[in-house]
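Text of the file upload08.txt, holding compact mmCIF, C-alpha atoms:
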# COMPACT_ATOMS: atom_id res chain seq x y z
CA MET A 1 0.00 0.00 0.00
CA PHE A 2 2.79 2.35 1.01
CA SER A 3 4.93 1.60 -2.01
CA LYS A 4 1.89 2.06 -4.24
CA LYS A 5 1.43 5.54 -2.85
CA ILE A 6 5.08 6.35 -3.38
CA THR A 7 4.85 5.25 -6.99
CA GLN A 8 1.87 7.52 -7.47
CA TYR A 9 3.81 10.45 -6.01
CA LEU A 10 6.78 9.70 -8.20
CA LEU A 11 4.68 9.70 -11.32
CA ARG A 12 2.71 12.76 -10.31
CA GLY A 13 5.91 14.51 -9.31
CA PHE A 14 7.60 13.72 -12.59
CA VAL A 15 4.76 15.14 -14.64
CA SER A 16 4.46 18.25 -12.49
CA SER A 17 8.21 18.82 -12.46
CA SER A 18 8.29 18.80 -16.24
CA LEU A 19 5.53 21.38 -16.25
CA PHE A 20 7.37 23.48 -13.68
CA VAL A 21 10.40 23.76 -15.86
CA LEU A 22 8.39 24.71 -18.91
CA LEU A 23 5.66 26.86 -17.37
CA PRO A 24 7.65 29.97 -16.48
CA TYR A 25 8.92 30.22 -20.02
CA ALA A 26 5.82 29.25 -21.97
CA PRO A 27 3.51 32.24 -22.19
CA ILE A 28 6.01 35.10 -22.13
CA THR A 29 7.45 36.03 -25.44
CA VAL A 30 9.65 39.06 -25.62
CA THR A 31 11.15 38.42 -28.99
CA HIS A 32 9.70 41.54 -30.55
CA ALA A 33 11.60 44.01 -28.42
CA ALA A 34 13.94 46.37 -30.18
CA PRO A 35 17.33 44.72 -30.13
CA PRO A 36 19.77 47.07 -28.45
CA GLY A 37 23.02 47.54 -30.25
CA THR A 38 21.30 48.20 -33.53
CA CYS A 39 21.33 51.92 -32.70
CA GLU A 40 24.90 52.82 -33.34
CA LEU A 41 25.44 56.24 -31.80
CA ALA A 42 29.03 55.98 -30.56
CA SER A 43 30.73 56.75 -33.88
CA GLN A 44 28.37 59.62 -34.69
CA VAL A 45 28.89 61.23 -31.27
CA SER A 46 32.63 60.75 -31.59
CA GLU A 47 32.54 62.47 -34.99
CA LEU A 48 30.61 65.41 -33.48
CA ARG A 49 33.20 65.76 -30.70
CA LYS A 50 35.93 65.99 -33.31
CA LEU A 51 34.03 68.69 -35.18
CA GLN A 52 33.52 70.62 -31.95
CA GLY A 53 37.14 70.13 -30.93
CA GLY A 54 38.74 73.16 -32.58
CA THR A 55 39.18 76.38 -30.61
CA GLY A 56 38.24 79.79 -31.89
CA GLU A 57 35.51 80.86 -34.24
CA LYS A 58 34.24 78.29 -36.72
CA ASN A 59 33.85 79.07 -40.39
CA PRO A 60 30.40 78.77 -41.98
CA GLN A 61 31.32 75.48 -43.64
CA GLY A 62 32.43 74.05 -40.29
CA LEU A 63 29.18 75.16 -38.70
CA LEU A 64 27.17 73.57 -41.49
CA THR A 65 29.07 70.30 -41.11
CA GLU A 66 28.45 70.33 -37.35
CA LEU A 67 24.77 71.11 -37.88
CA GLN A 68 24.43 68.24 -40.31
CA ALA A 69 26.17 65.93 -37.86
CA ARG A 70 23.77 67.07 -35.13
CA LYS A 71 20.76 66.49 -37.38
CA ASN A 72 22.03 63.05 -38.25
CA ILE A 73 22.42 62.15 -34.61
CA LEU A 74 18.94 63.45 -33.78
CA THR A 75 17.47 61.41 -36.65
CA THR A 76 19.21 58.28 -35.40
CA ILE A 77 18.10 58.96 -31.83
CA LEU A 78 14.46 59.35 -32.83
CA SER A 79 14.56 56.26 -35.05
CA CYS A 80 16.07 54.26 -32.20
CA SER A 81 13.55 55.66 -29.74
CA LEU A 82 10.69 54.67 -32.03
CA LYS A 83 12.11 51.19 -32.45
CA GLU A 84 12.50 50.95 -28.69
CA VAL A 85 8.94 51.96 -27.89
CA ARG A 86 7.44 49.82 -30.67
CA GLY A 87 9.35 46.80 -29.37
CA LEU A 88 8.07 47.34 -25.86
CA SER A 89 4.57 47.95 -27.16
CA LEU A 90 4.63 44.60 -29.00
CA ASN A 91 5.84 42.91 -25.83
CA ILE A 92 2.80 44.21 -24.02
CA ASN A 93 0.46 43.22 -26.85
CA ASP A 94 1.81 39.66 -26.83
CA LEU A 95 1.64 39.34 -23.06
CA SER A 96 -0.74 36.67 -21.70
CA LEU A 97 -2.61 38.15 -18.78
CA PRO A 98 -3.29 36.00 -15.73
CA SER A 99 -6.75 37.56 -15.33
CA GLU A 100 -9.23 39.73 -17.21
CA SER A 101 -9.08 42.39 -14.48
CA LEU A 102 -5.65 43.37 -15.82
CA LYS A 103 -6.89 44.22 -19.29
CA PRO A 104 -7.28 47.94 -18.43
CA VAL A 105 -3.62 48.00 -17.37
CA LYS A 106 -2.59 46.57 -20.72
CA ASN A 107 -4.82 49.07 -22.56
CA ARG A 108 -3.49 51.98 -20.51
CA LEU A 109 0.10 51.04 -21.32
CA GLY A 110 -0.84 50.59 -24.98
CA ASN A 111 -2.30 54.13 -25.09
CA ALA A 112 0.81 55.53 -23.44
CA PHE A 113 2.92 53.87 -26.12
CA ASN A 114 0.79 55.40 -28.86
CA GLU A 115 1.30 58.85 -27.31
CA THR A 116 5.02 58.22 -27.09
CA ILE A 117 5.17 57.22 -30.75
CA ALA A 118 3.21 60.34 -31.71
CA TYR A 119 5.62 62.50 -29.70
CA TYR A 120 8.70 61.07 -31.41
CA GLU A 121 7.12 61.37 -34.85
CA ALA A 122 6.36 65.04 -34.16
CA GLN A 123 9.96 65.70 -33.09
CA LYS A 124 11.25 64.09 -36.28
CA LEU A 125 9.38 66.69 -38.33
CA LYS A 126 11.25 69.50 -36.55
CA ILE A 127 14.74 68.35 -37.49
CA ASP A 128 14.92 69.77 -41.01
CA THR A 129 14.38 73.36 -39.91
CA LEU A 130 16.82 73.34 -37.01
CA GLY A 131 19.88 75.54 -36.52
CA ILE A 132 22.74 74.72 -34.11
CA GLN A 133 21.01 76.24 -31.09
CA GLY A 134 17.70 74.69 -32.13
CA SER A 135 19.34 71.24 -32.25
CA LYS A 136 20.70 71.79 -28.75
CA ASP A 137 17.29 72.82 -27.47
CA LEU A 138 15.52 69.93 -29.16
CA ALA A 139 18.05 67.47 -27.73
CA LYS A 140 17.52 68.95 -24.26
CA ASN A 141 13.74 68.77 -24.59
CA ILE A 142 13.79 65.17 -25.80
CA LEU A 143 16.15 64.22 -22.98
CA GLU A 144 13.89 65.81 -20.37
CA TRP A 145 10.84 64.23 -21.93
CA ARG A 146 12.45 60.81 -21.91
CA ILE A 147 13.47 61.17 -18.27
CA GLY A 148 10.06 62.44 -17.22
CA ASN A 149 7.82 60.30 -19.43
CA TYR A 150 9.46 57.44 -21.25
CA ALA A 151 11.69 56.18 -18.42
CA PRO A 152 8.76 55.72 -15.97
CA LEU A 153 6.61 54.20 -18.73
CA SER A 154 9.35 51.78 -19.75
CA GLU A 155 10.04 50.88 -16.12
CA LYS A 156 6.37 50.25 -15.43
CA THR A 157 5.94 48.19 -18.60
CA VAL A 158 8.94 45.97 -17.85
CA SER A 159 7.70 45.59 -14.26
CA PHE A 160 4.28 44.56 -15.52
CA ILE A 161 5.79 41.99 -17.89
CA LEU A 162 7.97 40.64 -15.08
CA TRP A 163 4.99 40.55 -12.72
CA ALA A 164 2.93 38.60 -15.27
CA LYS A 165 5.70 36.05 -15.53
CA ASN A 166 5.92 35.84 -11.74
CA GLN A 167 2.37 34.46 -11.65
CA TYR A 168 3.60 31.22 -13.19
CA LEU A 169 6.43 31.03 -10.69
CA ILE A 170 4.03 31.50 -7.77
CA LYS A 171 1.70 28.86 -9.20
CA ALA A 172 4.62 26.47 -9.59
CA ALA A 173 5.73 27.16 -6.01
CA ASN A 174 2.23 26.38 -4.74
CA GLN A 175 2.13 23.09 -6.62
CA ARG A 176 5.60 22.24 -5.40
CA SER A 177 4.63 23.04 -1.82
CA ALA A 178 1.55 20.78 -2.03
CA GLN A 179 3.61 17.92 -3.46
CA ILE A 180 6.30 18.24 -0.82
CA THR A 181 3.69 18.26 1.94
CA GLN A 182 2.11 15.09 0.51
CA THR A 183 5.49 13.38 0.21
CA ILE A 184 6.43 14.25 3.77
CA LYS A 185 3.08 12.91 5.00
CA ALA A 186 3.54 9.72 3.00
CA LEU A 187 6.98 9.26 4.52
CA LYS A 188 5.46 9.85 7.97
CA LEU A 189 7.91 12.64 8.72
CA THR A 190 5.39 15.28 9.73
CA GLU A 191 6.29 14.95 13.38
CA ASP A 192 10.01 15.43 12.87
CA ALA A 193 10.82 18.76 14.56
CA ASP A 194 13.23 20.08 11.88
CA ILE A 195 11.00 19.11 8.99
CA LYS A 196 7.93 20.50 10.70
CA LYS A 197 9.65 23.88 11.17
CA LEU A 198 11.00 24.01 7.63
CA LEU A 199 7.60 23.18 6.20
CA ALA A 200 5.97 25.87 8.34
CA ASP A 201 8.62 28.42 7.27
CA ALA A 202 8.06 27.54 3.61
CA ASN A 203 4.32 28.07 4.01
CA VAL A 204 4.82 31.42 5.76
CA ASN A 205 7.20 32.64 3.05
CA LEU A 206 4.94 31.45 0.25
CA LEU A 207 1.97 33.19 1.83
CA ALA A 208 3.98 36.41 2.14
CA ALA A 209 5.01 36.09 -1.52
CA GLU A 210 1.34 35.75 -2.51
CA GLU A 211 0.27 38.71 -0.36
CA THR A 212 2.92 41.06 -1.73
CA ASN A 213 2.16 39.80 -5.22
CA LEU A 214 -1.46 40.79 -4.70
CA LEU A 215 -0.36 44.26 -3.57
CA THR A 216 1.59 44.65 -6.80
CA GLU A 217 -1.43 43.58 -8.84
CA LYS A 218 -3.63 46.14 -7.05
CA ALA A 219 -1.06 48.87 -7.64
CA PHE A 220 -1.05 48.07 -11.37
CA ILE A 221 -4.85 47.99 -11.57
CA ASN A 222 -5.21 51.27 -9.68
CA ASP A 223 -2.38 52.86 -11.70
CA GLU A 224 -0.37 53.56 -8.56
CA GLU A 225 3.36 54.12 -8.52
CA HIS A 226 4.38 52.03 -5.52
CA TYR A 227 4.49 48.65 -7.27
CA ALA A 228 8.28 48.28 -7.33
CA ASP A 229 8.87 47.39 -3.66
CA SER A 230 6.10 44.81 -3.46
CA LEU A 231 7.17 43.30 -6.79
CA LYS A 232 10.68 42.73 -5.52
CA GLU A 233 9.58 41.65 -2.05
CA SER A 234 7.29 39.03 -3.54
CA LEU A 235 10.17 37.52 -5.51
CA GLU A 236 12.44 37.60 -2.48
CA LYS A 237 9.84 35.76 -0.40
CA LEU A 238 9.50 33.24 -3.20
CA ALA A 239 13.27 32.78 -3.20
CA LEU A 240 13.16 32.16 0.55
CA THR A 241 10.41 29.58 0.02
CA TYR A 242 12.68 27.68 -2.34
CA GLN A 243 15.53 27.94 0.14
CA ASN A 244 13.18 26.20 2.61
CA PHE A 245 12.42 23.55 -0.02
CA PHE A 246 16.13 22.91 -0.52
CA ASP A 247 16.60 22.60 3.25
CA LEU A 248 13.65 20.20 3.39
CA SER A 249 15.17 18.09 0.65
CA GLU A 250 18.40 17.93 2.61
CA ALA A 251 16.64 17.16 5.90
CA VAL A 252 14.58 14.33 4.38
CA ASN A 253 17.68 12.98 2.69
CA LYS A 254 19.43 12.80 6.05
CA ILE A 255 16.57 10.84 7.62
CA LEU A 256 15.93 8.36 4.85
CA PRO A 257 18.51 5.57 4.37
CA HIS A 258 21.29 5.96 1.74
CA TYR A 259 22.11 3.29 -0.75
CA MET B 260 -17.17 -62.97 43.19
CA GLU B 261 -20.00 -61.19 41.41
CA LEU B 262 -17.57 -58.90 39.71
CA LEU B 263 -15.66 -61.84 38.24
CA GLU B 264 -18.87 -63.22 36.81
CA LEU B 265 -19.75 -59.92 35.26
CA LEU B 266 -16.38 -59.62 33.52
CA LYS B 267 -16.72 -63.08 32.05
CA GLN B 268 -20.03 -62.05 30.53
CA LEU B 269 -18.27 -59.23 28.56
CA LYS B 270 -16.72 -61.89 26.34
CA LYS B 271 -20.16 -62.59 24.98
CA ILE B 272 -20.61 -59.03 23.56
CA GLU B 273 -20.60 -58.97 19.75
CA ALA B 274 -21.04 -56.25 17.14
CA ASN B 275 -24.13 -56.04 15.02
CA LYS B 276 -23.44 -58.19 11.98
CA GLU B 277 -24.86 -55.71 9.49
CA TYR B 278 -22.89 -52.77 10.94
CA ALA B 279 -19.67 -54.81 10.90
CA ALA B 280 -20.18 -55.72 7.26
CA LYS B 281 -20.85 -52.05 6.32
CA SER B 282 -17.79 -50.79 8.17
CA ARG B 283 -15.59 -53.37 6.51
CA ARG B 284 -16.81 -52.32 3.08
CA VAL B 285 -16.08 -48.61 3.75
CA LEU B 286 -12.61 -49.33 5.09
CA LEU B 287 -11.69 -51.59 2.21
CA ASN B 288 -12.78 -48.98 -0.39
CA ILE B 289 -10.62 -46.22 1.16
CA GLN B 290 -7.58 -48.42 1.21
CA LYS B 291 -8.18 -49.13 -2.42
CA GLU B 292 -8.26 -45.42 -3.31
CA ILE B 293 -5.12 -44.62 -1.27
CA ALA B 294 -3.23 -47.43 -2.77
CA ALA B 295 -4.08 -46.55 -6.36
CA PRO B 296 -4.90 -42.84 -7.04
CA ARG B 297 -6.31 -42.01 -10.43
CA ILE B 298 -3.68 -40.75 -12.88
CA SER B 299 -4.68 -38.14 -15.49
CA LEU B 300 -2.76 -35.71 -17.77
CA GLY B 301 -4.40 -32.62 -16.22
CA ARG B 302 -3.50 -33.73 -12.71
CA LEU B 303 0.08 -34.36 -13.82
CA LEU B 304 0.40 -30.93 -15.42
CA LEU B 305 -1.07 -29.22 -12.37
CA GLN B 306 1.36 -30.96 -10.07
CA THR B 307 4.31 -30.02 -12.30
CA LEU B 308 3.17 -26.43 -12.37
CA GLN B 309 2.79 -26.30 -8.62
CA THR B 310 6.23 -27.71 -8.01
CA GLY B 311 7.82 -25.47 -10.63
CA SER B 312 6.28 -22.28 -9.34
CA THR B 313 7.27 -23.14 -5.80
CA ILE B 314 10.88 -23.56 -6.88
CA VAL B 315 10.84 -20.32 -8.91
CA LEU B 316 9.31 -18.29 -6.08
CA ALA B 317 11.76 -19.69 -3.57
CA GLY B 318 14.64 -18.84 -5.93
CA LEU B 319 13.34 -15.32 -6.41
CA LEU B 320 13.04 -14.80 -2.70
CA LEU B 321 16.61 -15.96 -2.17
CA LEU B 322 17.77 -13.62 -4.93
CA LEU B 323 15.98 -10.66 -3.36
CA ILE B 324 17.43 -11.38 0.05
CA PHE B 325 21.03 -12.09 -0.98
CA GLY B 326 21.19 -10.13 -4.22
CA GLY B 327 21.39 -6.67 -2.59
CA PHE B 328 17.89 -5.57 -3.55
CA SER B 329 16.12 -3.25 -1.20
CA VAL B 330 12.86 -1.33 -1.43
CA GLY B 331 14.47 1.45 0.58
CA LYS B 332 16.58 2.66 -2.24
CA TYR B 333 13.45 3.59 -4.16
CA LEU B 334 12.39 5.80 -1.31
CA THR B 335 15.46 8.02 -1.07
CA PRO B 336 14.56 11.71 -1.43
CA PHE B 337 16.40 12.06 -4.71
CA ARG B 338 13.91 9.67 -6.24
CA LEU B 339 11.01 11.57 -4.72
CA SER B 340 10.64 14.11 -7.46
CA SER B 341 8.94 16.76 -5.36
CA LEU B 342 12.09 16.98 -3.25
CA ASN B 343 14.51 16.45 -6.09
CA PRO B 344 17.13 19.22 -5.83
CA GLU B 345 17.51 19.33 -9.60
CA GLY B 346 13.83 20.07 -10.11
CA LEU B 347 13.91 22.63 -7.32
CA ARG B 348 17.02 24.20 -8.83
CA ALA B 349 15.32 24.82 -12.17
CA GLU B 350 12.49 26.70 -10.47
CA ALA B 351 14.81 28.60 -8.11
CA ASP B 352 16.93 29.66 -11.10
CA ALA B 353 13.85 31.08 -12.81
CA ILE B 354 13.21 33.16 -9.66
CA ASP B 355 16.86 34.28 -9.60
CA ILE B 356 16.52 35.52 -13.16
CA GLN B 357 13.35 37.45 -12.32
CA ILE B 358 14.98 39.07 -9.28
CA GLN B 359 17.95 40.19 -11.31
CA LEU B 360 15.78 41.55 -14.08
CA THR B 361 13.68 43.42 -11.52
CA ASP B 362 16.83 44.93 -10.01
CA LEU B 363 18.17 45.91 -13.40
CA ASN B 364 14.87 47.56 -14.33
CA TYR B 365 15.17 50.04 -11.47
CA LYS B 366 18.80 50.89 -11.96
CA GLU B 367 20.44 53.47 -14.15
CA THR B 368 21.21 52.34 -17.66
CA ASP B 369 24.52 50.63 -18.42
CA VAL B 370 24.91 49.15 -14.98
CA PRO B 371 27.14 46.10 -14.71
CA LEU B 372 25.22 42.84 -14.72
CA ILE B 373 24.85 41.80 -11.10
CA LEU B 374 25.11 38.31 -9.72
CA PRO B 375 22.19 36.21 -8.48
CA VAL B 376 20.60 37.44 -5.29
CA ILE B 377 19.61 34.08 -3.89
CA SER B 378 21.08 30.59 -4.14
CA SER B 379 23.71 31.36 -1.53
CA THR B 380 24.53 27.67 -1.26
CA VAL B 381 25.60 27.26 -4.85
CA SER B 382 28.14 28.97 -7.03
CA VAL B 383 26.96 31.43 -9.64
CA ASP B 384 25.83 29.68 -12.76
CA PRO B 385 27.11 31.44 -15.89
CA ALA B 386 24.04 30.13 -17.72
CA ILE B 387 21.83 32.22 -15.42
CA THR B 388 23.89 35.36 -16.01
CA LYS B 389 23.68 34.71 -19.74
CA GLU B 390 19.91 34.21 -19.56
CA VAL B 391 19.49 37.44 -17.56
CA ALA B 392 21.52 39.33 -20.14
CA LYS B 393 19.43 37.84 -22.95
CA GLN B 394 16.09 38.63 -21.34
CA ALA B 395 17.23 42.12 -20.29
CA LYS B 396 18.12 42.87 -23.90
CA GLU B 397 14.76 41.61 -25.07
CA LEU B 398 13.07 43.88 -22.56
CA GLY B 399 15.16 46.82 -23.68
CA ILE B 400 17.15 47.13 -20.44
CA ASN B 401 20.63 48.41 -21.21
CA ILE B 402 23.33 46.53 -19.37
CA SER B 403 27.01 45.85 -19.71
CA GLN B 404 27.85 42.17 -19.52
CA THR B 405 30.87 42.34 -17.25
CA SER B 406 31.39 44.08 -13.97
CA THR B 407 34.96 45.19 -14.77
CA THR B 408 34.84 46.65 -18.27
CA PRO B 409 32.84 49.82 -18.55
CA THR B 410 30.58 49.90 -21.55
CA GLU B 411 31.68 51.75 -24.64
CA ALA B 412 28.18 51.99 -26.01
CA VAL B 413 26.56 55.41 -26.21
CA THR B 414 22.99 55.34 -25.02
CA ILE B 415 20.24 57.60 -26.31
CA GLU B 416 20.43 59.64 -23.09
CA LYS B 417 24.19 60.12 -23.38
CA ALA B 418 23.93 61.17 -27.00
CA LEU B 419 21.18 63.66 -26.17
CA GLU B 420 23.31 65.06 -23.38
CA GLU B 421 26.19 65.54 -25.81
CA LEU B 422 23.90 67.20 -28.32
CA SER B 423 22.45 69.62 -25.81
CA LYS B 424 25.92 71.09 -25.06
Write the structure described by the file as C-alpha cells, please.
Amino acid sequence: MFSKKITQYLLRGFVSSSLFVLLPYAPITVTHAAPPGTCELASQVSELRKLQGGTGEKNPQGLLTELQARKNILTTILSCSLKEVRGLSLNINDLSLPSESLKPVKNRLGNAFNETIAYYEAQKLKIDTLGIQGSKDLAKNILEWRIGNYAPLSEKTVSFILWAKNQYLIKAANQRSAQITQTIKALKLTEDADIKKLLADANVNLLAAEETNLLTEKAFINDEEHYADSLKESLEKLALTYQNFFDLSEAVNKILPHY
Amino acid sequence: MELLELLKQLKKIEANKEYAAKSRRVLLNIQKEIAAPRISLGRLLLQTLQTGSTIVLAGLLLLLIFGGFSVGKYLTPFRLSSLNPEGLRAEADAIDIQIQLTDLNYKETDVPLILPVISSTVSVDPAITKEVAKQAKELGINISQTSTTPTEAVTIEKALEELSK
C-alpha cells in the first residue's frame, strides 16, 4: 500500500516537475523588443566631438558640417527611440494576462505607447528646420521628456511583464509546496521537529510572496506608482520559500537511508 | 465374586453383523483409493506447475534477500521528485533571473550585470547570467555584460546630453 502511494507520487511529481520547468517560459514572449546595439550612436557622437574640438571661431562650412552631424544624430536617436517603444509595445500586446481584471492595465500602457510614438514622430518633423542652437534645445527637450515620461513608462511596462511572468512562478511554487507536503506525510515525517519547522517556514514565506504579489497587482490595476517594492519583495519571499524547499530536501535525505 | 462373573459375561458381547459388514466395506474402499490414485494428464500438469512455481518463487526470494535488492533505495529523497534538488534548482533559477531583471529595471542604464541574489549555497551559474543578459536585452534594459569593463556603447540619453551642449 505504502509503495503504491510512493509510486503515485513519483509519477505525479515527474509530470508536475516537467511542467514546472516549462511553465515559467511558456507564455512570455519578448522576442519583438527592439534589439539594443542596432542603434549605433558611438561613432556619430565621436565624430561630433571631433568637429567641436577646434578652438576659436568656426567658419560657416564648419558650422554647417556640425549642424548636419547634429541632425544626423537626432534622426538616429528618434529612429532608435521609435524602435525601442514599438518593441516594448509589442511585448505588451503579446503578453498573456493571468486575469481579465488586468486588461485595463494593458490598454493603458498601450495608449501611453501610442502617445510616445506620436511624440517622437512630431519631433522628427522638426529636425529639417533646425539651426545649431535649435538642435541643442531639441536634444535637451527630448532628454527631459524621456526622463520624465518614457523612463517611468518603460520601467512600469517591464515591471508589468515581469509581474505577469511571476504568476507562473508562484503557481509552480504552490504546486511544489503541495507535493512536498504530501510526500512528507507519506513518509510519515510530519512529526520530525526540523522538517515541521522548515515546512511551516516555507508556508509562511509562500503566503507572504502571494500577499505582496497581490499588492503589486492592485497597484497596477489602480495605476499607482508604488508597485516596485512589493514586486521585488514578492520575488524575495518566493526565493526564501525555495531555500526552505532545498533545506527540506536535505533534511529528508538525512533521515531516509542511503544506498 | 460377582464382579468376576460380570467380567466373564463381557466376552459374549458382539457387534451387530450388518454394521460390521458395512464398516468393513467402507474401510476396504478407502484403502483401495489410497493405494491406487487415479492418474490423469491434467493432474500431472497441475502438479508439475505447482512444483515449478514453488521452486521459482523460492529462488526469487533468495535472490531478493542475498542479491542486494532493497525497497528502501526507491524511497530516497532524490527519487522523490517533489524533493529532487535538480527540479527545485530549475524553479529557483527562474526566480533568480526574475529578481535580477527586476533589479536591473530600477537601476540606471549601463549598470554592470549583477550576480544572483539568492542561491547562496551554490556557485553562480554562468548560464543564469547569460539568460538574464538575454532577457534584459529583449526587454530593452541596457546593461554591460561584465562588472569590470565599462561599456563603450553610447545610449540615447548620453547622446542627447552631448547634443544639448
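Distances from B:Ser341, B:Ser282, B:Thr388, B:Thr310 to Leu248 of chain A were compared using all atoms listed in the file, and the smallest one belongs to B:Ser341.
Here atom CA of Leu363 of chain B is placed at a distance of 13.8 Å from atom CA of Pro152 of chain A.
As for atom CA of Lys136 of chain A and atom CA of Lys71 of chain A, they are spaced 10.1 Å apart.
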Nearest to chain B by atom-to-atom distance, counting only C-alpha atoms, from A:Lys50, A:Lys126, A:Lys254, A:Lys197: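 Checking each candidate against chain B, we get A:Lys254 as the closest.
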Interface, chain B side, toward chain A (7 Å; only C-alpha atoms) as an MDAnalysis selection string: chainID B and resid 331:332 335:336 339:344 346 349:351 354 357:358 361 364:365 377 396:399 412:413 415:416 418:419 422:424
Between atom CA of Ile127 of chain A and atom CA of Trp145 of chain A, distance in Å (one decimal):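 If I compute the distance from atom CA of Ile127 of chain A to atom CA of Trp145 of chain A, I get 16.6 Å.
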Residue list as a ChimeraX atom specification for point (-2.7, 46.2, -23.5), cut-off 10 Å, all atoms listed in the file: /A:89-97,102-113
For Leu215 of chain A: contacts at 9 Å, all atoms listed in the file, fewer than 4 positions along chain excluded, given as a PyMOL selection string: chain A and resi 210-211+219-220+227+230-231
